[in-house]
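Text of upload-v7.txt (compact mmCIF, C-alpha atoms) as supplied:
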```txt
# COMPACT_ATOMS: atom_id res chain seq x y z
CA MET A 18 -13.00 81.16 79.67
CA GLN A 19 -13.28 77.46 80.47
CA ALA A 20 -9.61 77.25 81.43
CA TYR A 21 -10.03 80.33 83.63
CA LEU A 22 -13.03 78.81 85.43
CA ILE A 23 -11.09 75.59 86.05
CA ASP A 24 -8.15 77.59 87.42
CA PHE A 25 -10.44 79.59 89.69
CA VAL A 26 -12.12 76.46 91.05
CA ASN A 27 -8.64 75.00 91.49
CA LEU A 28 -7.65 78.05 93.55
CA LEU A 29 -10.70 77.82 95.82
CA LEU A 30 -10.31 74.07 96.29
CA ARG A 31 -6.62 74.43 97.07
CA TRP A 32 -7.42 77.15 99.61
CA LEU A 33 -10.05 74.94 101.26
CA HIS A 34 -7.65 71.99 101.20
CA VAL A 35 -4.88 73.95 102.89
CA ILE A 36 -7.22 75.43 105.53
CA ALA A 37 -8.72 72.05 106.39
CA ALA A 38 -5.30 70.38 106.42
CA ILE A 39 -3.82 73.00 108.75
CA ALA A 40 -6.78 72.63 111.11
CA TRP A 41 -6.66 68.82 111.06
CA ILE A 42 -2.90 68.43 111.31
CA GLY A 43 -2.64 71.15 113.93
CA GLU A 44 -5.27 69.50 116.10
CA SER A 45 -3.73 66.06 115.56
CA ILE A 46 -0.25 67.25 116.54
CA TYR A 47 -1.71 69.03 119.58
CA PHE A 48 -3.45 65.91 120.88
CA VAL A 49 -0.35 63.76 120.34
CA MET A 50 1.63 66.34 122.29
CA LEU A 51 -1.06 66.40 124.98
CA ASP A 52 -1.15 62.62 125.25
CA ASN A 53 2.62 62.39 125.60
CA SER A 54 2.83 65.27 128.08
CA LEU A 55 0.40 63.82 130.61
CA ARG A 56 1.68 63.24 134.13
CA THR A 57 0.16 61.23 136.97
CA PRO A 58 -2.38 63.46 138.77
CA LYS A 59 -1.20 64.71 142.14
CA ALA A 60 -4.64 65.00 143.70
CA GLU A 61 -5.87 61.77 145.28
CA GLU A 62 -9.47 62.57 144.41
CA ASP A 63 -8.56 62.80 140.71
CA ARG A 64 -6.89 59.41 140.80
CA GLU A 65 -9.92 57.94 142.52
CA LYS A 66 -12.14 59.33 139.75
CA GLY A 67 -10.07 57.39 137.18
CA VAL A 68 -7.95 60.25 135.88
CA PHE A 69 -5.00 58.65 134.12
CA GLY A 70 -2.95 61.78 133.53
CA GLU A 71 -3.08 65.56 133.53
CA MET A 72 -1.25 68.52 132.07
CA TRP A 73 -1.19 72.14 133.16
CA SER A 74 -0.37 74.71 130.48
CA VAL A 75 -0.49 78.43 129.84
CA HIS A 76 -1.47 80.02 126.54
CA GLY A 77 -3.03 83.23 125.33
CA GLY A 78 -3.03 84.82 128.79
CA GLY A 79 -4.84 81.95 130.48
CA PHE A 80 -4.16 78.68 132.30
CA TYR A 81 -5.47 75.29 131.17
CA HIS A 82 -5.86 72.02 133.06
CA ASN A 83 -6.24 68.98 130.79
CA GLN A 84 -7.15 65.56 132.20
CA LYS A 85 -7.33 62.16 130.53
CA TYR A 86 -9.34 59.27 131.96
CA ALA A 87 -7.99 55.73 131.86
CA THR A 88 -11.29 54.44 130.50
CA ALA A 89 -14.05 57.05 130.80
CA PRO A 90 -15.39 59.56 133.34
CA ALA A 91 -18.37 58.70 135.51
CA LYS A 92 -20.58 60.96 133.41
CA LEU A 93 -20.21 62.40 129.92
CA PRO A 94 -21.16 66.02 129.17
CA ASN A 95 -23.73 66.75 126.51
CA ASP A 96 -21.36 69.06 124.61
CA LEU A 97 -18.65 66.46 123.99
CA HIS A 98 -16.21 67.69 121.34
CA TRP A 99 -15.57 65.47 118.31
CA SER A 100 -12.82 65.79 115.71
CA PHE A 101 -13.48 64.34 112.28
CA TRP A 102 -14.88 66.84 109.75
CA LYS A 103 -11.51 68.50 109.28
CA ALA A 104 -10.03 65.13 108.27
CA TYR A 105 -12.85 64.38 105.84
CA THR A 106 -12.77 67.87 104.32
CA THR A 107 -9.02 67.63 103.78
CA TRP A 108 -9.32 64.35 101.89
CA LEU A 109 -12.40 65.31 99.87
CA SER A 110 -10.94 68.65 98.77
CA GLY A 111 -7.60 66.99 97.98
CA PHE A 112 -9.29 64.33 95.88
CA ALA A 113 -11.31 66.99 94.04
CA LEU A 114 -8.05 68.78 93.24
CA PHE A 115 -6.56 65.54 91.95
CA VAL A 116 -9.55 65.04 89.65
CA ILE A 117 -9.33 68.58 88.25
CA LEU A 118 -5.55 68.74 87.89
CA TYR A 119 -4.72 65.19 86.85
CA MET A 120 -7.71 63.06 85.93
CA VAL A 121 -9.22 65.58 83.51
CA HIS A 122 -6.09 65.28 81.32
CA PRO A 123 -4.59 61.90 82.33
CA GLY A 124 -2.74 61.47 79.04
CA PHE A 125 -0.58 64.46 79.95
CA TYR A 126 -0.39 64.24 83.73
CA LEU A 127 -0.63 60.54 84.62
CA VAL A 128 0.62 58.40 81.74
CA ASN A 129 4.37 57.86 81.92
CA PRO A 130 5.61 57.35 78.33
CA ASN A 131 9.09 56.60 79.69
CA SER A 132 7.97 53.81 81.98
CA PRO A 133 10.21 50.72 81.81
CA TRP A 134 7.00 48.71 81.71
CA GLU A 135 5.51 48.74 78.22
CA TRP A 136 1.94 48.33 79.40
CA ALA A 137 2.27 51.44 81.63
CA ALA A 138 3.90 53.52 78.90
CA ASN A 139 1.07 52.67 76.49
CA MET A 140 -1.88 53.22 78.81
CA THR A 141 -4.81 55.25 77.58
CA GLY A 142 -6.11 58.13 79.66
CA TRP A 143 -9.03 56.25 81.18
CA GLN A 144 -6.80 53.30 82.02
CA ALA A 145 -4.43 55.65 83.86
CA ASN A 146 -7.35 57.10 85.80
CA VAL A 147 -8.57 53.65 86.81
CA LEU A 148 -5.06 52.63 87.82
CA ALA A 149 -4.63 55.79 89.92
CA LEU A 150 -7.88 55.12 91.77
CA ALA A 151 -6.93 51.47 92.27
CA PHE A 152 -3.54 52.61 93.56
CA LEU A 153 -5.17 54.77 96.24
CA LEU A 154 -7.67 52.10 97.24
CA GLY A 155 -5.07 49.33 97.17
CA GLY A 156 -2.73 51.35 99.38
CA TRP A 157 -5.40 51.68 102.05
CA VAL A 158 -6.39 48.01 101.83
CA VAL A 159 -2.81 46.78 102.18
CA TYR A 160 -2.04 49.16 105.05
CA ASN A 161 -5.26 48.26 106.87
CA GLU A 162 -4.60 44.52 106.48
CA LEU A 163 -1.09 44.96 107.84
CA CYS A 164 -2.52 46.65 110.92
CA LYS A 165 -5.16 43.99 111.45
CA ARG A 166 -2.90 40.99 110.89
CA ILE A 167 0.39 42.06 112.45
CA SER A 168 -0.85 43.92 115.51
CA PRO A 169 -4.58 43.30 116.02
CA ASN A 170 -4.29 43.81 119.78
CA MET A 171 -1.81 46.69 119.50
CA ASP A 172 0.92 44.54 121.08
CA ARG A 173 3.31 44.36 118.09
CA ASP A 174 3.33 47.93 116.89
CA GLY A 175 7.10 47.95 116.44
CA LEU A 176 6.92 45.15 113.90
CA LEU A 177 3.93 46.85 112.29
CA SER A 178 5.94 50.07 111.88
CA ILE A 179 8.64 48.18 109.99
CA ALA A 180 6.03 46.56 107.74
CA VAL A 181 4.41 49.93 106.95
CA ALA A 182 7.85 51.40 106.19
CA VAL A 183 8.56 48.56 103.73
CA MET A 184 5.14 49.10 102.20
CA MET A 185 5.93 52.78 101.59
CA VAL A 186 9.19 51.88 99.85
CA ILE A 187 7.24 49.60 97.52
CA VAL A 188 4.56 52.25 96.95
CA ALA A 189 7.21 54.85 96.09
CA TYR A 190 8.91 52.51 93.62
CA LEU A 191 5.71 51.38 91.92
CA SER A 192 4.31 54.90 91.61
CA THR A 193 7.41 56.23 89.84
CA GLN A 194 7.41 53.30 87.41
CA MET A 195 3.73 53.55 86.50
CA PHE A 196 3.02 57.29 86.54
CA THR A 197 4.76 60.52 85.62
CA GLY A 198 7.16 61.81 88.25
CA ARG A 199 4.99 64.62 89.58
CA ALA A 200 1.93 62.38 89.74
CA ALA A 201 3.96 59.63 91.41
CA PHE A 202 4.99 61.90 94.28
CA LEU A 203 1.45 63.18 94.66
CA LEU A 204 -0.08 59.69 94.57
CA THR A 205 2.38 58.33 97.14
CA GLY A 206 1.47 61.19 99.44
CA ALA A 207 -2.19 60.57 98.67
CA VAL A 208 -1.83 56.91 99.68
CA MET A 209 -0.68 58.06 103.12
CA ALA A 210 -3.29 60.82 103.28
CA THR A 211 -6.01 58.32 102.33
CA ALA A 212 -4.85 56.00 105.10
CA MET A 213 -4.95 58.91 107.55
CA SER A 214 -8.52 59.91 106.66
CA ALA A 215 -9.67 56.29 106.47
CA ASN A 216 -8.18 55.66 109.92
CA VAL A 217 -10.43 58.41 111.23
CA PHE A 218 -13.50 57.27 109.29
CA PHE A 219 -13.29 53.48 109.76
CA TRP A 220 -11.54 53.08 113.12
CA ILE A 221 -11.04 56.13 115.31
CA ILE A 222 -14.51 57.69 115.16
CA PRO A 223 -16.49 54.38 115.16
CA GLY A 224 -14.45 53.23 118.16
CA GLN A 225 -15.15 56.45 119.98
CA ARG A 226 -18.84 56.19 119.16
CA ARG A 227 -18.92 52.67 120.62
CA MET A 228 -17.20 53.93 123.76
CA VAL A 229 -19.70 56.75 124.18
CA LYS A 230 -22.64 54.42 123.53
CA ALA A 231 -21.39 51.92 126.11
CA MET A 232 -20.97 54.64 128.73
CA LYS A 233 -24.44 56.04 128.14
CA ALA A 234 -25.81 52.52 128.57
CA GLY A 235 -23.92 52.15 131.84
CA ASP A 236 -21.48 49.59 130.44
CA ALA A 237 -17.70 49.60 130.49
CA PRO A 238 -16.17 50.62 127.14
CA ASN A 239 -14.09 48.06 125.27
CA PRO A 240 -10.46 49.05 126.00
CA LEU A 241 -9.43 47.82 122.53
CA ASP A 242 -11.38 50.67 120.96
CA GLY A 243 -9.25 53.17 122.85
CA LYS A 244 -6.01 51.34 122.09
CA ARG A 245 -6.83 50.95 118.42
CA GLY A 246 -7.82 54.60 118.11
CA LYS A 247 -4.52 55.64 119.65
CA GLN A 248 -2.58 53.26 117.37
CA ARG A 249 -4.10 54.73 114.23
CA SER A 250 -3.69 58.30 115.55
CA VAL A 251 0.02 57.64 116.15
CA HIS A 252 0.35 56.33 112.59
CA ASN A 253 -1.32 59.49 111.34
CA THR A 254 1.15 61.71 113.14
CA TYR A 255 4.13 59.94 111.54
CA PHE A 256 2.53 60.26 108.10
CA THR A 257 2.01 64.02 108.53
CA LEU A 258 5.41 65.51 107.64
CA PRO A 259 6.06 63.19 104.67
CA VAL A 260 2.59 63.91 103.26
CA VAL A 261 3.11 67.67 103.47
CA LEU A 262 6.48 67.36 101.70
CA LEU A 263 5.08 65.19 98.91
CA MET A 264 2.15 67.53 98.39
CA VAL A 265 4.43 70.52 97.77
CA SER A 266 6.95 68.53 95.72
CA ASN A 267 5.15 69.23 92.43
CA HIS A 268 6.79 72.65 92.41
CA TYR A 269 10.28 71.13 92.24
CA SER A 270 10.97 69.16 89.10
CA PHE A 271 14.54 68.29 90.10
CA ILE A 272 13.04 65.88 92.65
CA TYR A 273 10.37 64.08 90.69
CA SER A 274 12.12 64.07 87.32
CA HIS A 275 15.28 62.32 88.54
CA GLU A 276 15.93 58.76 87.39
CA LEU A 277 16.13 57.72 91.06
CA ALA A 278 13.08 59.74 92.07
CA TRP A 279 11.70 56.86 94.14
CA VAL A 280 14.89 56.74 96.21
CA VAL A 281 14.73 60.49 96.82
CA MET A 282 11.07 60.12 97.78
CA VAL A 283 11.79 57.32 100.26
CA LEU A 284 14.60 59.31 101.87
CA PHE A 285 12.29 62.27 102.41
CA ILE A 286 9.52 60.05 103.80
CA PHE A 287 11.82 58.47 106.36
CA ALA A 288 13.41 61.83 107.20
CA GLY A 289 10.00 63.31 107.94
CA ALA A 290 9.02 60.36 110.15
CA LEU A 291 12.29 60.57 112.10
CA ILE A 292 11.96 64.31 112.66
CA ARG A 293 8.39 63.80 113.85
CA GLN A 294 9.63 61.09 116.23
CA PHE A 295 11.92 63.62 117.89
CA PHE A 296 8.97 65.86 118.79
CA VAL A 297 6.83 62.93 119.92
CA LEU A 298 9.55 61.82 122.34
CA MET A 299 10.31 65.38 123.41
CA HIS A 300 6.74 65.84 124.58
CA ALA A 301 7.12 62.66 126.60
CA GLY A 302 10.13 64.17 128.34
CA LYS A 303 12.78 62.39 126.28
CA THR A 304 15.11 64.55 124.21
CA GLN A 305 16.92 62.40 121.67
CA PRO A 306 18.69 64.56 119.06
CA ALA A 307 19.85 61.45 117.19
CA TYR A 308 16.44 61.27 115.47
CA PRO A 309 16.50 64.71 113.81
CA ALA A 310 20.24 64.31 113.15
CA PHE A 311 19.59 61.08 111.28
CA GLY A 312 16.62 62.73 109.52
CA VAL A 313 18.82 65.62 108.36
CA GLY A 314 21.37 63.03 107.24
CA LEU A 315 18.74 61.43 105.02
CA ILE A 316 17.83 64.84 103.58
CA LEU A 317 21.51 65.47 102.78
CA LEU A 318 21.65 62.04 101.16
CA ALA A 319 18.59 62.96 99.08
CA PHE A 320 20.37 66.18 98.08
CA TRP A 321 23.36 64.15 96.91
CA VAL A 322 21.26 61.60 95.02
CA ALA A 323 19.13 64.25 93.27
CA ALA A 324 22.07 66.52 92.38
CA PRO A 325 22.48 66.99 88.61
CA SER A 326 25.49 65.26 87.12
CA ALA A 327 28.26 67.46 85.83
CA SER A 328 28.18 67.77 82.05
CA SER A 329 31.20 68.17 79.83
CA PRO A 330 31.65 71.56 78.10
CA GLY A 331 30.62 72.00 74.51
CA GLY A 332 28.11 70.02 72.50
CA VAL A 333 27.20 66.41 72.94
CA ASP A 334 30.00 65.31 70.64
CA GLY A 335 32.62 67.77 71.95
CA THR A 336 31.77 70.44 69.38
CA GLU A 337 30.52 73.91 70.18
CA GLY A 338 27.19 73.96 72.00
CA PRO A 339 23.91 75.22 70.49
CA ASP A 340 23.43 78.95 70.00
CA GLN A 341 20.57 81.21 71.05
CA ALA A 342 18.73 80.78 67.75
CA GLN A 343 18.69 76.97 68.08
CA ILE A 344 17.43 77.03 71.66
CA THR A 345 14.82 79.68 70.92
CA GLY A 346 13.60 77.66 67.95
CA LEU A 347 13.17 74.53 70.04
CA ILE A 348 11.40 76.45 72.82
CA GLU A 349 8.98 77.98 70.32
CA GLN A 350 8.34 74.61 68.72
CA HIS A 351 7.84 72.55 71.87
CA CYS A 352 7.19 74.81 74.89
CA VAL A 353 5.40 78.09 74.25
CA GLN A 354 2.06 76.45 73.48
CA CYS A 355 1.69 76.29 77.27
CA HIS A 356 4.55 78.37 78.67
CA ALA A 357 3.58 81.80 77.37
CA SER A 358 1.90 84.85 78.83
CA ASN A 359 -1.18 83.88 76.82
CA PRO A 360 -1.03 80.09 76.33
CA GLU A 361 -2.48 78.64 73.16
CA HIS A 362 -3.21 75.31 74.87
CA GLU A 363 -6.88 75.16 75.83
CA GLY A 364 -6.08 73.65 79.23
CA PHE A 365 -4.27 76.72 80.55
CA SER A 366 -5.43 80.29 81.18
CA ALA A 367 -1.95 81.26 82.43
CA PRO A 368 1.54 79.77 82.02
CA PRO A 369 1.99 76.63 84.18
CA ALA A 370 3.97 77.33 87.36
CA GLY A 371 4.31 80.92 86.14
CA PHE A 372 6.99 79.99 83.60
CA ALA A 373 6.51 82.09 80.45
CA PHE A 374 9.12 81.87 77.70
CA ASP A 375 8.18 84.98 75.73
CA SER A 376 11.71 86.41 75.77
CA TRP A 377 15.29 85.15 75.80
CA ASP A 378 15.82 86.55 79.31
CA GLU A 379 12.85 84.55 80.59
CA ILE A 380 14.18 81.42 78.89
CA LEU A 381 17.64 81.93 80.40
CA GLY A 382 16.10 82.40 83.86
CA GLN A 383 14.66 78.87 83.69
CA LYS A 384 17.57 77.22 81.90
CA THR A 385 18.27 74.62 84.59
CA GLN A 386 14.59 73.72 84.97
CA ILE A 387 14.16 73.39 81.22
CA GLN A 388 17.16 71.08 80.89
CA GLN A 389 16.01 68.93 83.79
CA VAL A 390 12.45 68.35 82.63
CA VAL A 391 13.49 67.84 78.99
CA ALA A 392 16.26 65.38 79.90
CA SER A 393 13.86 63.42 82.13
CA ARG A 394 11.27 63.43 79.32
CA TYR A 395 8.70 64.90 81.69
CA MET A 396 8.30 67.75 79.25
CA PRO A 397 6.71 68.34 76.87
CA LEU A 398 3.73 66.83 78.66
CA GLY A 399 2.96 63.50 77.08
CA ASN A 400 5.44 64.57 74.41
CA MET A 401 2.47 66.12 72.63
CA THR A 402 4.81 68.13 70.35
CA ASN A 403 6.88 65.03 69.44
CA MET A 404 10.25 66.26 70.67
CA SER A 405 12.95 63.97 69.27
CA ASP A 406 15.93 62.51 71.12
CA GLU A 407 18.24 64.65 68.96
CA GLU A 408 16.39 67.80 70.05
CA ARG A 409 16.63 66.73 73.68
CA ASP A 410 20.40 66.28 73.21
CA ILE A 411 20.64 69.85 71.91
CA ILE A 412 18.87 71.16 75.04
CA ALA A 413 21.23 69.05 77.19
CA ALA A 414 24.28 70.55 75.44
CA TRP A 415 23.06 74.11 76.01
CA GLU A 416 25.66 76.07 78.01
```

Same coordinates, now as structure tokens:
Amino acid sequence: MQAYLIDFVNLLLRWLHVIAAIAWIGESIYFVMLDNSLRTPKAEEDREKGVFGEMWSVHGGGFYHNQKYATAPAKLPNDLHWSFWKAYTTWLSGFALFVILYMVHPGFYLVNPNSPWEWAANMTGWQANVLALAFLLGGWVVYNELCKRISPNMDRDGLLSIAVAVMMVIVAYLSTQMFTGRAAFLLTGAVMATAMSANVFFWIIPGQRRMVKAMKAGDAPNPLDGKRGKQRSVHNTYFTLPVVLLMVSNHYSFIYSHELAWVVMVLFIFAGALIRQFFVLMHAGKTQPAYPAFGVGLILLAFWVAAPSASSPGGVDGTEGPDQAQITGLIEQHCVQCHASNPEHEGFSAPPAGFAFDSWDEILGQKTQIQQVVASRYMPLGNMTNMSDEERDIIAAWE
């Protein structure tokens, strides 16, 4: 019953997380599109009122006229719309999911027993939890310091973009060395998602509040607040596609269980940013297909890097490969505690990812997945059933 309750809470949290994320990302993408689609107002009276740009659009059977002021309008309405709770809800629900799915059983889901660093491979559960939290916090601190030191006046954003890109390469590499593959992908995405939410909480909304306060007091708003808010919003839009990819990656073990998982991760991050750049420029009236073409090229490169290596026929020593009885025996010994219609493991009320190995046909249907996760040592989780290297070799030689 306890496992069922955890799964049900997991379902509701995931639903909330997806709803909030769709609302936040959708609104963010819309405003970036709006900002880049603005044109100089044609009416002289609008320009005299300080209107910086405008956009006419049609949607849902109606016409819309959006205007943006260079600094602020002469008078603010009482029903001014703010956008922040969707960002906060997305992060809070995502963090709650991380606690339930990973931090409750860190020995299985966070600790990487195959880490090349001995201290990481031998971490206890609580140490892994502390390290994961420090990883998230440290990612935000480093990113925020880069923004403040490299482009404090928003005049060196190009150089800042390169620095953030280098930072993400380092984050991807460190995460895959310290944590299990699936957790590494999730944590790298969470570093970006944390930066996105923190940008809203610490910079965008406070800056907007200062602008509103200044206007109500009859003072001119500080233009740096507007510039800084736009800078962080632009960063958020480039993080969006990579974050979404990394959040769904836990369903695909061939990505996170590869020995070069960090390279695959980096290629997808850059591909997402490049594809997003195409749409940002398109809304500004500049169609540059080289960006999505290069992004697709990176995805194809990721496909090539992550592709399984061809194995020689027969067993590991050239002899005949293992038979059905051998494979079934190993599956029953090391896998069915979790991957069964009615799992014996107390942490599961249903087979993880829907993979149940109750019959030979079901085992055959997941042959490739089984070989991948066993070869990468991702499974069994935390090697709780003590699968030996010889047994892993037998799974690898399975034809």

Option closest in space to A:Ile348, from A:Ile117, A:Ile411, A:Val128, A:Leu315 [counting all atoms listed in the file]: A:Ile411

Set the distance at 9 Å and use all atoms listed in the file: which residues neighbour stretch 391-405 of chain A once local chain neighbours fewer than 6 positions away are removed? I'd like the list as a PDB file with C-alpha atoms, in the coordinates of the input.
```
ATOM      1  CA  GLY A 124      -2.740  61.470  79.040  1.00  0.00           C
ATOM      2  CA  PHE A 125      -0.580  64.460  79.950  1.00  0.00           C
ATOM      3  CA  TYR A 126      -0.390  64.240  83.730  1.00  0.00           C
ATOM      4  CA  LEU A 127      -0.630  60.540  84.620  1.00  0.00           C
ATOM      5  CA  VAL A 128       0.620  58.400  81.740  1.00  0.00           C
ATOM      6  CA  ASN A 129       4.370  57.860  81.920  1.00  0.00           C
ATOM      7  CA  PRO A 130       5.610  57.350  78.330  1.00  0.00           C
ATOM      8  CA  ASN A 131       9.090  56.600  79.690  1.00  0.00           C
ATOM      9  CA  THR A 197       4.760  60.520  85.620  1.00  0.00           C
ATOM     10  CA  GLY A 198       7.160  61.810  88.250  1.00  0.00           C
ATOM     11  CA  ARG A 199       4.990  64.620  89.580  1.00  0.00           C
ATOM     12  CA  SER A 270      10.970  69.160  89.100  1.00  0.00           C
ATOM     13  CA  SER A 274      12.120  64.070  87.320  1.00  0.00           C
ATOM     14  CA  HIS A 275      15.280  62.320  88.540  1.00  0.00           C
ATOM     15  CA  GLU A 276      15.930  58.760  87.390  1.00  0.00           C
ATOM     16  CA  LEU A 347      13.170  74.530  70.040  1.00  0.00           C
ATOM     17  CA  GLN A 350       8.340  74.610  68.720  1.00  0.00           C
ATOM     18  CA  HIS A 351       7.840  72.550  71.870  1.00  0.00           C
ATOM     19  CA  CYS A 352       7.190  74.810  74.890  1.00  0.00           C
ATOM     20  CA  ILE A 412      18.870  71.160  75.040  1.00  0.00           C
ATOM     21  CA  ALA A 413      21.230  69.050  77.190  1.00  0.00           C
TER      22      ALA A 413
END
```

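You will find atom CA of A:Phe69 at 10.5 Å from atom CA of A:Pro90.
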
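Candidate residues A:Ala89, A:Ile46, A:Ala310, A:Ala373 were compared for distance to A:Met228, and the nearest is A:Ala89, using all atoms listed in the file.
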
With only C-alpha atoms as the basis for distance, which of A:Ala301, A:Val281, A:Val313, A:Arg31 is at the shortest distance from A:Met72? A:Ala301

With all atoms listed in the file as the counted atoms, please give the residues lying no more than 9 Å from A:Thr345, apart from itself and same-chain residues fewer than 6 positions off, as an mmCIF file with C-alpha atoms, keeping the file's coordinate frame.
```cif
data_model
loop_
_atom_site.group_PDB
_atom_site.id
_atom_site.type_symbol
_atom_site.label_atom_id
_atom_site.label_comp_id
_atom_site.auth_asym_id
_atom_site.auth_seq_id
_atom_site.Cartn_x
_atom_site.Cartn_y
_atom_site.Cartn_z
ATOM 1 C CA SER A 376 11.710 86.410 75.770
ATOM 2 C CA TRP A 377 15.290 85.150 75.800
ATOM 3 C CA ILE A 380 14.180 81.420 78.890
#
```

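Near stretch 186-192 of chain A, within 6 Å and counting only C-alpha atoms, sit A:Phe196, A:Ala201, A:Trp279, not including residues fewer than 4 positions from it in the same chain.
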
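The space separating atom CA of A:Ile221 from atom CA of A:Gln84 comes to 19.7 Å.
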
I want to know what sits within 10 Å of A:Tyr86, based on all atoms listed in the file, with residues of the same chain fewer than 6 positions away left out; could you give that as JSON, numbers by chain? {"A": [63, 64, 66, 67, 68, 69, 70, 71]}

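If you measure from each of A:Leu291, A:Cys355, A:Val26, A:Ile36 to A:Ala370 using only C-alpha atoms, the closest one turns out to be A:Cys355.
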
Find the spatial neighbours of A:Pro325, counting all atoms listed in the file, within a cut-off of 10 Å - ignore same-chain residues fewer than 4 positions away - and output them as a VMD selection string. chain A and resid 271 275 320 to 321 385 389

Take every atom of stretch 163-179 of chain A listed in the file, fit an axis-aligned box around them, add 8 Å per side, and give the centre and edge lengths in Å to one decimal as lines of an AutoDock Vina configuration file.
```
center_x = 1.7
center_y = 45.5
center_z = 114.5
size_x = 29.8
size_y = 25.1
size_z = 29.2
```

Please check which residues have atoms at most 12 Å from (-7.7, 86.1, 79.7) in the file's coordinates, counting all atoms listed in the file, and write them as a PyMOL selection string. chain A and resi 18-22+24+358-361+363+365-368

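Taking all atoms listed in the file into account, A:Phe115 lies nearest to A:Met264 out of the set A:Glu162, A:Met184, A:Met264, A:Ile42.
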
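These residues, each with an atom at most 6 Å from (6.4, 80.3, 79.2) using all atoms listed in the file, are Val353, His356, Ala357, Pro368, Phe372, Ala373 and Phe374 of chain A.
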
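Checking A:Ile179, A:Ala234, A:Val121, A:Met209 one by one against A:Leu153, counting only C-alpha atoms, you find the shortest gap at A:Met209.
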